[in-house]
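Take a look at the structure set out below.
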Amino acid sequence: MGAVFAVHGAVTGSFATRVPWIQDHAGVSAGQLGLALAFPALGASLAMPLAGSISHRFGARTALRGLLALWTLALVLPSLAPNLLTLCLALFVYGATAGMSDVAMNALGVEVENRLDRSIMSGLHGMWSVGAVVGSAAGTLAAHLGADARLHHALAASVLTVVGFAACAWVLDLQPAEDEEPPPRFALPPRSALLIGAIGFCAVFAEGASLDWSAVYLRDQLETSAGLAAACTTGFTLTMAVARIAGDRVVDRYGAVRTVRASGAVALLGGLLIVFAGHPAVAMTGFALMGLGIAVVVPLCFAAAGRSGANPSLAIAGVATITYTSGLIAPSAIGMLAQATSLMVSFVLVTLLTCGIAGFAGVLRAGDRVKVTRPDAAVPEPRS
């Protein structure tokens, strides 16, 4: 499963580094690019509920293999777009395939976690972060060499499709029972998913704000060099990746609720350091603590959603839709608030939202596993 998550993350990293090339190729302005970049979230939100019915029809392994392949191949589409309309359509498809494969792999990850009876979701999302770093590093090299993004993404998509196809051969092949009713193609997420999604919203808002604005904050608020500002963003992403990879041990020992409460407190401390920083080192420490604090929240939200009702895929799709929306609006919301007031005030909002992580952690009690005693609970041999 870790390789599947890494492949998914690598697609995101590969795309993000070539956005400037895609903008120039499509001939769109910054405002038009901002409009186009709303379409991945729109496509994901509309397509996510379909993942459950696809998995029910074809089985978990076949569905994941197909959806992941669609996602890796969709990487090529944005770089081929010659204008705004085609770019919006390409990004809609890109987001739809991203969302469906995201739901499928998280639902399967929750099932594996249940059968192993130990936390793995944090580590799986850590592997996603590792994949994103690898993909962005390759994209950075391609951009530095002046490579055409169409060629770069075609090559990346080919490699990632093969790796993803091979990785899916080792995942669980869950099949629905003969008398099991198929999930609805479209349905509103259960109320439990909305409550869990609210915590994910707070965490992803803080992640999006920190990822996109940390370097600007150090440059504009504290007048640092461009290199030091960039190092702050790197530090934030690294603490997130390390915390996710190491987070499962903490969750196994203390449970989801206590882990998220402590994580929210760490994120709150980081936010306070950012807001009141008078020195770059203090702000960088704050952003590092922010990354450490929010790292495991979203994986635990997915885990709790998968255990919150009779239809895990629907609940996970609901939480994923909320978090995707948060990631979409956070960067622009921070920018608009900063323009109206200041960037420091924007991070006051981020800091206040971290209070919601700790304050509402109790709704994640579904993420604390109950010991499995059924004789068929062991993880079956994954390959047929």
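Following the order of the structure tokens, first chain is A, next is B, and so on, with residues numbered from 1 inside each chain and ligands from 1 in the order they appear.
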Taking only residues of range 66-140 of chain A that have an atom at most 12 Å from an atom of range 167-171 of chain A, what is each one's shortest atom pair and its distance in Å to one decimal, using only C-alpha atoms, in chain and number order, as JSON lines?
```
{"residue": "A:Gly66", "atom": "CA", "partner": "A:Cys168", "partner_atom": "CA", "distance": 9.4}
{"residue": "A:Leu67", "atom": "CA", "partner": "A:Cys168", "partner_atom": "CA", "distance": 10.7}
{"residue": "A:Leu68", "atom": "CA", "partner": "A:Cys168", "partner_atom": "CA", "distance": 8.9}
{"residue": "A:Ala69", "atom": "CA", "partner": "A:Cys168", "partner_atom": "CA", "distance": 10.1}
{"residue": "A:Ser101", "atom": "CA", "partner": "A:Cys168", "partner_atom": "CA", "distance": 11.8}
{"residue": "A:Ala104", "atom": "CA", "partner": "A:Cys168", "partner_atom": "CA", "distance": 11.6}
{"residue": "A:Met105", "atom": "CA", "partner": "A:Val171", "partner_atom": "CA", "distance": 9.6}
{"residue": "A:Ala107", "atom": "CA", "partner": "A:Val171", "partner_atom": "CA", "distance": 11.9}
{"residue": "A:Leu108", "atom": "CA", "partner": "A:Val171", "partner_atom": "CA", "distance": 8.2}
{"residue": "A:Gly109", "atom": "CA", "partner": "A:Val171", "partner_atom": "CA", "distance": 9.2}
{"residue": "A:Glu111", "atom": "CA", "partner": "A:Val171", "partner_atom": "CA", "distance": 10.8}
{"residue": "A:Val112", "atom": "CA", "partner": "A:Val171", "partner_atom": "CA", "distance": 8.9}
```
Near range 70-80 of chain A, counting only C-alpha atoms, which residues have an atom at most 6 Å away, once you skip same-chain residues fewer than 3 positions from it, shown as a compact mmCIF listing (two decimals) with N, CA, C and O atoms, in the first residue's frame?
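The resulting file, result_12.txt, is reproduced below:
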```
# COMPACT_ATOMS: atom_id res chain seq x y z
N ILE A 22 3.02 25.21 -17.90
CA ILE A 22 1.66 24.99 -18.38
C ILE A 22 0.94 26.33 -18.58
O ILE A 22 0.21 26.51 -19.56
N LEU A 67 -8.23 2.90 -11.38
CA LEU A 67 -8.35 4.31 -11.01
C LEU A 67 -6.98 4.97 -10.85
O LEU A 67 -6.80 6.13 -11.24
N LEU A 87 -7.62 23.83 -20.82
CA LEU A 87 -6.90 23.65 -19.56
C LEU A 87 -7.89 23.35 -18.43
O LEU A 87 -7.63 22.46 -17.60
N ALA A 90 -9.06 19.79 -18.88
CA ALA A 90 -7.99 18.85 -18.53
C ALA A 90 -7.84 18.75 -17.02
O ALA A 90 -7.69 17.65 -16.47
N TYR A 94 -8.26 15.65 -14.50
CA TYR A 94 -7.12 15.41 -13.60
C TYR A 94 -7.60 15.31 -12.15
O TYR A 94 -7.24 14.39 -11.42
N THR A 97 -9.96 12.04 -11.52
CA THR A 97 -9.21 10.78 -11.36
C THR A 97 -8.41 10.79 -10.07
O THR A 97 -8.26 9.75 -9.42
N ALA A 98 -7.91 11.97 -9.68
CA ALA A 98 -7.20 12.07 -8.40
C ALA A 98 -8.11 11.73 -7.25
O ALA A 98 -7.74 10.96 -6.35
N ARG A 150 5.41 18.56 -21.79
CA ARG A 150 4.68 17.46 -22.45
C ARG A 150 5.53 16.20 -22.47
O ARG A 150 5.02 15.10 -22.20
N HIS A 153 6.06 15.05 -18.64
CA HIS A 153 4.89 14.40 -18.04
C HIS A 153 4.53 13.10 -18.74
O HIS A 153 4.02 12.17 -18.10
N ALA A 154 4.79 13.00 -20.03
CA ALA A 154 4.55 11.73 -20.72
C ALA A 154 5.47 10.64 -20.17
O ALA A 154 5.04 9.50 -19.93
N ALA A 157 4.39 9.93 -16.49
CA ALA A 157 3.14 9.17 -16.46
C ALA A 157 3.38 7.71 -16.83
O ALA A 157 2.79 6.80 -16.23
N THR A 161 2.68 4.86 -14.11
CA THR A 161 1.62 3.90 -14.43
C THR A 161 2.12 2.47 -14.26
O THR A 161 1.43 1.62 -13.68
```
- Query: Looking at only C-alpha atoms, which of A:Leu292, A:Val130, A:Leu64, A:Ala142 is the one that sits closest to Ala267 in chain A?
  - Reply: A:Leu292
- Query: From the set A:Ala41, A:Leu151, A:Leu218, A:Ala193, which residue has the shortest atom-to-atom contact distance to Gly139 in chain A, counting only C-alpha atoms?
  - Reply: A:Leu151
- May I have the residues within 10 Å of Gly327 in chain A as a ChimeraX atom specification, using only C-alpha atoms and disregarding those fewer than 2 positions away in the same chain? /A:41,201-209,321-325,329-332
Let's have the selection written as a short mmCIF file (atom, residue, chain, number, x, y, z; two decimals), in the first residue's frame, with all heavy atoms.
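Final file, part_28.cif:
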```cif
data_model
loop_
_atom_site.label_atom_id
_atom_site.label_comp_id
_atom_site.auth_asym_id
_atom_site.auth_seq_id
_atom_site.Cartn_x
_atom_site.Cartn_y
_atom_site.Cartn_z
N ALA A 41 -10.33 20.54 -7.90
CA ALA A 41 -11.16 20.32 -6.72
C ALA A 41 -12.61 20.07 -7.12
O ALA A 41 -13.31 19.23 -6.52
CB ALA A 41 -11.07 21.50 -5.77
N PHE A 201 -10.68 19.88 7.71
CA PHE A 201 -10.70 21.21 7.10
C PHE A 201 -9.71 22.14 7.79
O PHE A 201 -8.94 22.84 7.13
CB PHE A 201 -12.12 21.79 7.19
CG PHE A 201 -12.27 23.16 6.58
CD1 PHE A 201 -12.71 23.29 5.27
CD2 PHE A 201 -11.96 24.31 7.29
CE1 PHE A 201 -12.84 24.55 4.69
CE2 PHE A 201 -12.09 25.56 6.72
CZ PHE A 201 -12.53 25.68 5.41
N CYS A 202 -9.73 22.13 9.13
CA CYS A 202 -8.82 23.00 9.89
C CYS A 202 -7.36 22.64 9.60
O CYS A 202 -6.52 23.53 9.40
CB CYS A 202 -9.09 22.87 11.39
SG CYS A 202 -10.72 23.48 11.91
N ALA A 203 -7.05 21.34 9.57
CA ALA A 203 -5.68 20.90 9.36
C ALA A 203 -5.19 21.24 7.95
O ALA A 203 -4.07 21.73 7.76
CB ALA A 203 -5.55 19.41 9.61
N VAL A 204 -6.04 20.98 6.95
CA VAL A 204 -5.63 21.22 5.56
C VAL A 204 -5.55 22.71 5.27
O VAL A 204 -4.70 23.16 4.48
CB VAL A 204 -6.60 20.51 4.59
CG1 VAL A 204 -6.30 20.88 3.15
CG2 VAL A 204 -6.48 19.00 4.77
N PHE A 205 -6.40 23.51 5.91
CA PHE A 205 -6.30 24.96 5.75
C PHE A 205 -4.94 25.45 6.26
O PHE A 205 -4.26 26.24 5.60
CB PHE A 205 -7.43 25.65 6.53
CG PHE A 205 -7.61 27.11 6.18
CD1 PHE A 205 -8.59 27.50 5.29
CD2 PHE A 205 -6.79 28.08 6.75
CE1 PHE A 205 -8.76 28.84 4.96
CE2 PHE A 205 -6.94 29.42 6.43
CZ PHE A 205 -7.93 29.80 5.53
N ALA A 206 -4.54 24.95 7.43
CA ALA A 206 -3.24 25.33 7.98
C ALA A 206 -2.10 24.83 7.09
O ALA A 206 -1.09 25.53 6.89
CB ALA A 206 -3.08 24.77 9.40
N GLU A 207 -2.27 23.64 6.52
CA GLU A 207 -1.25 23.09 5.63
C GLU A 207 -1.12 23.93 4.36
O GLU A 207 -0.01 24.31 3.96
CB GLU A 207 -1.59 21.65 5.26
CG GLU A 207 -0.60 21.01 4.31
CD GLU A 207 -0.97 19.60 3.92
OE1 GLU A 207 -1.94 19.05 4.50
OE2 GLU A 207 -0.31 19.04 3.03
N GLY A 208 -2.26 24.24 3.72
CA GLY A 208 -2.21 25.03 2.49
C GLY A 208 -1.66 26.42 2.72
O GLY A 208 -0.86 26.93 1.92
N ALA A 209 -2.07 27.04 3.83
CA ALA A 209 -1.58 28.39 4.15
C ALA A 209 -0.08 28.38 4.39
O ALA A 209 0.67 29.24 3.89
CB ALA A 209 -2.31 28.93 5.37
N THR A 321 -13.76 15.27 0.26
CA THR A 321 -14.32 16.44 -0.41
C THR A 321 -14.13 17.70 0.42
O THR A 321 -13.76 18.76 -0.09
CB THR A 321 -15.83 16.22 -0.68
OG1 THR A 321 -15.99 15.07 -1.52
CG2 THR A 321 -16.45 17.43 -1.37
N ILE A 322 -14.36 17.58 1.73
CA ILE A 322 -14.19 18.73 2.62
C ILE A 322 -12.73 19.18 2.66
O ILE A 322 -12.42 20.37 2.61
CB ILE A 322 -14.70 18.39 4.03
CG1 ILE A 322 -16.21 18.15 3.99
CG2 ILE A 322 -14.38 19.52 5.02
CD1 ILE A 322 -16.78 17.59 5.27
N THR A 323 -11.81 18.22 2.76
CA THR A 323 -10.40 18.59 2.83
C THR A 323 -9.90 19.16 1.50
O THR A 323 -9.09 20.10 1.50
CB THR A 323 -9.54 17.38 3.25
OG1 THR A 323 -9.74 16.30 2.32
CG2 THR A 323 -9.91 16.91 4.65
N TYR A 324 -10.37 18.60 0.38
CA TYR A 324 -10.00 19.16 -0.91
C TYR A 324 -10.46 20.61 -1.02
O TYR A 324 -9.75 21.48 -1.51
CB TYR A 324 -10.63 18.34 -2.05
CG TYR A 324 -9.75 17.25 -2.61
CD1 TYR A 324 -9.37 16.16 -1.83
CD2 TYR A 324 -9.30 17.29 -3.92
CE1 TYR A 324 -8.58 15.14 -2.34
CE2 TYR A 324 -8.51 16.28 -4.45
CZ TYR A 324 -8.15 15.21 -3.65
OH TYR A 324 -7.35 14.21 -4.16
N THR A 325 -11.69 20.86 -0.54
CA THR A 325 -12.22 22.23 -0.58
C THR A 325 -11.38 23.17 0.27
O THR A 325 -11.09 24.30 -0.13
CB THR A 325 -13.68 22.24 -0.09
OG1 THR A 325 -14.46 21.36 -0.90
CG2 THR A 325 -14.28 23.64 -0.14
N ILE A 329 -9.37 26.63 -1.01
CA ILE A 329 -9.67 28.01 -0.62
C ILE A 329 -8.61 28.63 0.28
O ILE A 329 -8.51 29.86 0.36
CB ILE A 329 -11.04 28.11 0.06
CG1 ILE A 329 -11.02 27.42 1.43
CG2 ILE A 329 -12.13 27.54 -0.82
CD1 ILE A 329 -12.30 27.62 2.22
N ALA A 330 -7.80 27.81 0.95
CA ALA A 330 -6.86 28.35 1.94
C ALA A 330 -5.88 29.36 1.34
O ALA A 330 -5.76 30.48 1.86
CB ALA A 330 -6.11 27.22 2.63
N PRO A 331 -5.14 29.02 0.27
CA PRO A 331 -4.16 29.98 -0.23
C PRO A 331 -4.77 31.31 -0.65
O PRO A 331 -4.22 32.38 -0.34
CB PRO A 331 -3.53 29.24 -1.43
CG PRO A 331 -3.76 27.79 -1.15
CD PRO A 331 -5.10 27.74 -0.47
N SER A 332 -5.92 31.26 -1.35
CA SER A 332 -6.54 32.51 -1.80
C SER A 332 -7.13 33.28 -0.63
O SER A 332 -7.08 34.52 -0.61
CB SER A 332 -7.61 32.22 -2.85
OG SER A 332 -8.60 31.34 -2.32
#
```
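Minimum distance to Leu50 in chain A across A:Ala304, A:Ala358, A:Ala317, A:Val250 (counting only C-alpha atoms) occurs at A:Ala317.
Using only C-alpha atoms, the residues found no farther than 9 Å from Val134 in chain A, other than those of its own chain fewer than 3 positions away, are Ala6, Gly9, Ala10, Gly13, Ser14, Ser129, Val130, Gly131, Ala137, Ala138 and Gly139 of chain A.
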Using only all heavy atoms, please write the residues we just selected to a file, as a PDB file, in the first residue's frame.
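File produced: result-v1.pdb:
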```pdb
ATOM      1  N   ALA A   6       2.721   6.431  -2.540  1.00  0.00           N
ATOM      2  CA  ALA A   6       3.869   7.170  -3.072  1.00  0.00           C
ATOM      3  C   ALA A   6       3.657   7.535  -4.537  1.00  0.00           C
ATOM      4  O   ALA A   6       3.999   8.654  -4.961  1.00  0.00           O
ATOM      5  CB  ALA A   6       5.147   6.349  -2.904  1.00  0.00           C
ATOM      6  N   GLY A   9       1.257  10.447  -4.717  1.00  0.00           N
ATOM      7  CA  GLY A   9       1.927  11.689  -4.358  1.00  0.00           C
ATOM      8  C   GLY A   9       2.887  12.170  -5.430  1.00  0.00           C
ATOM      9  O   GLY A   9       3.022  13.384  -5.653  1.00  0.00           O
ATOM     10  N   ALA A  10       3.534  11.237  -6.107  1.00  0.00           N
ATOM     11  CA  ALA A  10       4.501  11.610  -7.139  1.00  0.00           C
ATOM     12  C   ALA A  10       3.826  12.325  -8.305  1.00  0.00           C
ATOM     13  O   ALA A  10       4.419  13.214  -8.925  1.00  0.00           O
ATOM     14  CB  ALA A  10       5.241  10.377  -7.640  1.00  0.00           C
ATOM     15  N   GLY A  13       3.361  15.951  -7.159  1.00  0.00           N
ATOM     16  CA  GLY A  13       4.631  16.664  -7.190  1.00  0.00           C
ATOM     17  C   GLY A  13       5.099  16.962  -8.598  1.00  0.00           C
ATOM     18  O   GLY A  13       5.628  18.043  -8.882  1.00  0.00           O
ATOM     19  N   SER A  14       4.887  16.023  -9.504  1.00  0.00           N
ATOM     20  CA  SER A  14       5.295  16.218 -10.895  1.00  0.00           C
ATOM     21  C   SER A  14       4.518  17.349 -11.556  1.00  0.00           C
ATOM     22  O   SER A  14       5.076  18.147 -12.319  1.00  0.00           O
ATOM     23  CB  SER A  14       5.095  14.922 -11.695  1.00  0.00           C
ATOM     24  OG  SER A  14       5.875  13.870 -11.163  1.00  0.00           O
ATOM     25  N   SER A 129       3.719  11.746   1.000  1.00  0.00           N
ATOM     26  CA  SER A 129       4.598  12.922   1.072  1.00  0.00           C
ATOM     27  C   SER A 129       5.951  12.628   0.443  1.00  0.00           C
ATOM     28  O   SER A 129       6.522  13.467  -0.257  1.00  0.00           O
ATOM     29  CB  SER A 129       4.779  13.361   2.529  1.00  0.00           C
ATOM     30  OG  SER A 129       3.551  13.776   3.096  1.00  0.00           O
ATOM     31  N   VAL A 130       6.484  11.425   0.689  1.00  0.00           N
ATOM     32  CA  VAL A 130       7.753  11.034   0.082  1.00  0.00           C
ATOM     33  C   VAL A 130       7.630  11.020  -1.441  1.00  0.00           C
ATOM     34  O   VAL A 130       8.498  11.526  -2.167  1.00  0.00           O
ATOM     35  CB  VAL A 130       8.194   9.652   0.601  1.00  0.00           C
ATOM     36  CG1 VAL A 130       9.391   9.129  -0.197  1.00  0.00           C
ATOM     37  CG2 VAL A 130       8.554   9.731   2.077  1.00  0.00           C
ATOM     38  N   GLY A 131       6.535  10.458  -1.937  1.00  0.00           N
ATOM     39  CA  GLY A 131       6.310  10.441  -3.380  1.00  0.00           C
ATOM     40  C   GLY A 131       6.216  11.843  -3.956  1.00  0.00           C
ATOM     41  O   GLY A 131       6.748  12.122  -5.034  1.00  0.00           O
ATOM     42  N   ALA A 137      11.035  16.853  -7.029  1.00  0.00           N
ATOM     43  CA  ALA A 137      12.472  16.935  -7.296  1.00  0.00           C
ATOM     44  C   ALA A 137      12.763  16.654  -8.767  1.00  0.00           C
ATOM     45  O   ALA A 137      13.559  17.355  -9.406  1.00  0.00           O
ATOM     46  CB  ALA A 137      13.232  15.957  -6.403  1.00  0.00           C
ATOM     47  N   ALA A 138      12.102  15.612  -9.305  1.00  0.00           N
ATOM     48  CA  ALA A 138      12.284  15.303 -10.726  1.00  0.00           C
ATOM     49  C   ALA A 138      11.755  16.439 -11.596  1.00  0.00           C
ATOM     50  O   ALA A 138      12.360  16.793 -12.619  1.00  0.00           O
ATOM     51  CB  ALA A 138      11.569  13.992 -11.064  1.00  0.00           C
ATOM     52  N   GLY A 139      10.627  17.019 -11.188  1.00  0.00           N
ATOM     53  CA  GLY A 139      10.072  18.137 -11.942  1.00  0.00           C
ATOM     54  C   GLY A 139      10.956  19.363 -11.889  1.00  0.00           C
ATOM     55  O   GLY A 139      11.089  20.089 -12.885  1.00  0.00           O
TER      56      GLY A 139
END
```
- Item | Residue set, range 28-176 of chain A restricted to helix (DSSP H, G or I), as a PyMOL selection string | chain A and resi 30-36+39-47+50-58+60-74+77-80+84-116+121-144+149-168
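With only C-alpha atoms as the atoms that count, the minimum distance from Leu35 in chain A to the choices A:Ala315, A:Val216, A:Val4, A:Leu84 is reached by A:Leu84.
CA of Gly306 in chain A is positioned 17.1 Å from CA of Asp252 in chain A.
Here CA of Ser136 in chain A stands at a distance of 16.6 Å from CA of Ala3 in chain A.
Interatomic distance, CA of Gly99 in chain A against CA of Ser346 in chain A: 28.6 Å.
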- Message: From the options A:Leu328, A:Ala241, A:Cys355, A:Ala246, which residue's atoms come nearest to Arg261 in chain A, counting only C-alpha atoms?
- Response: A:Cys355
Env of Ala277 in chain A: 10 Å cut, atoms = only C-alpha atoms, seq-sep filter 5 positions within chain, self excluded. Answer as a JSON list (two decimals) with C-alpha atoms, in the first residue's frame.
```json
[["chain", "number", "residue", "atom", "x", "y", "z"],
["A", 218, "LEU", "CA", 9.56, 35.31, 6.14],
["A", 221, "GLN", "CA", 7.25, 40.17, 7.49],
["A", 222, "LEU", "CA", 10.78, 39.47, 8.67],
["A", 271, "GLY", "CA", 0.92, 29.38, 15.12],
["A", 272, "LEU", "CA", 1.61, 31.60, 18.13],
["A", 282, "VAL", "CA", 11.37, 31.88, 15.77],
["A", 283, "ALA", "CA", 9.07, 31.93, 12.73],
["A", 284, "MET", "CA", 10.87, 28.96, 11.16],
["A", 285, "THR", "CA", 10.46, 27.05, 14.42],
["A", 286, "GLY", "CA", 6.79, 27.99, 14.38],
["A", 344, "MET", "CA", 0.33, 38.40, 10.23]]
```
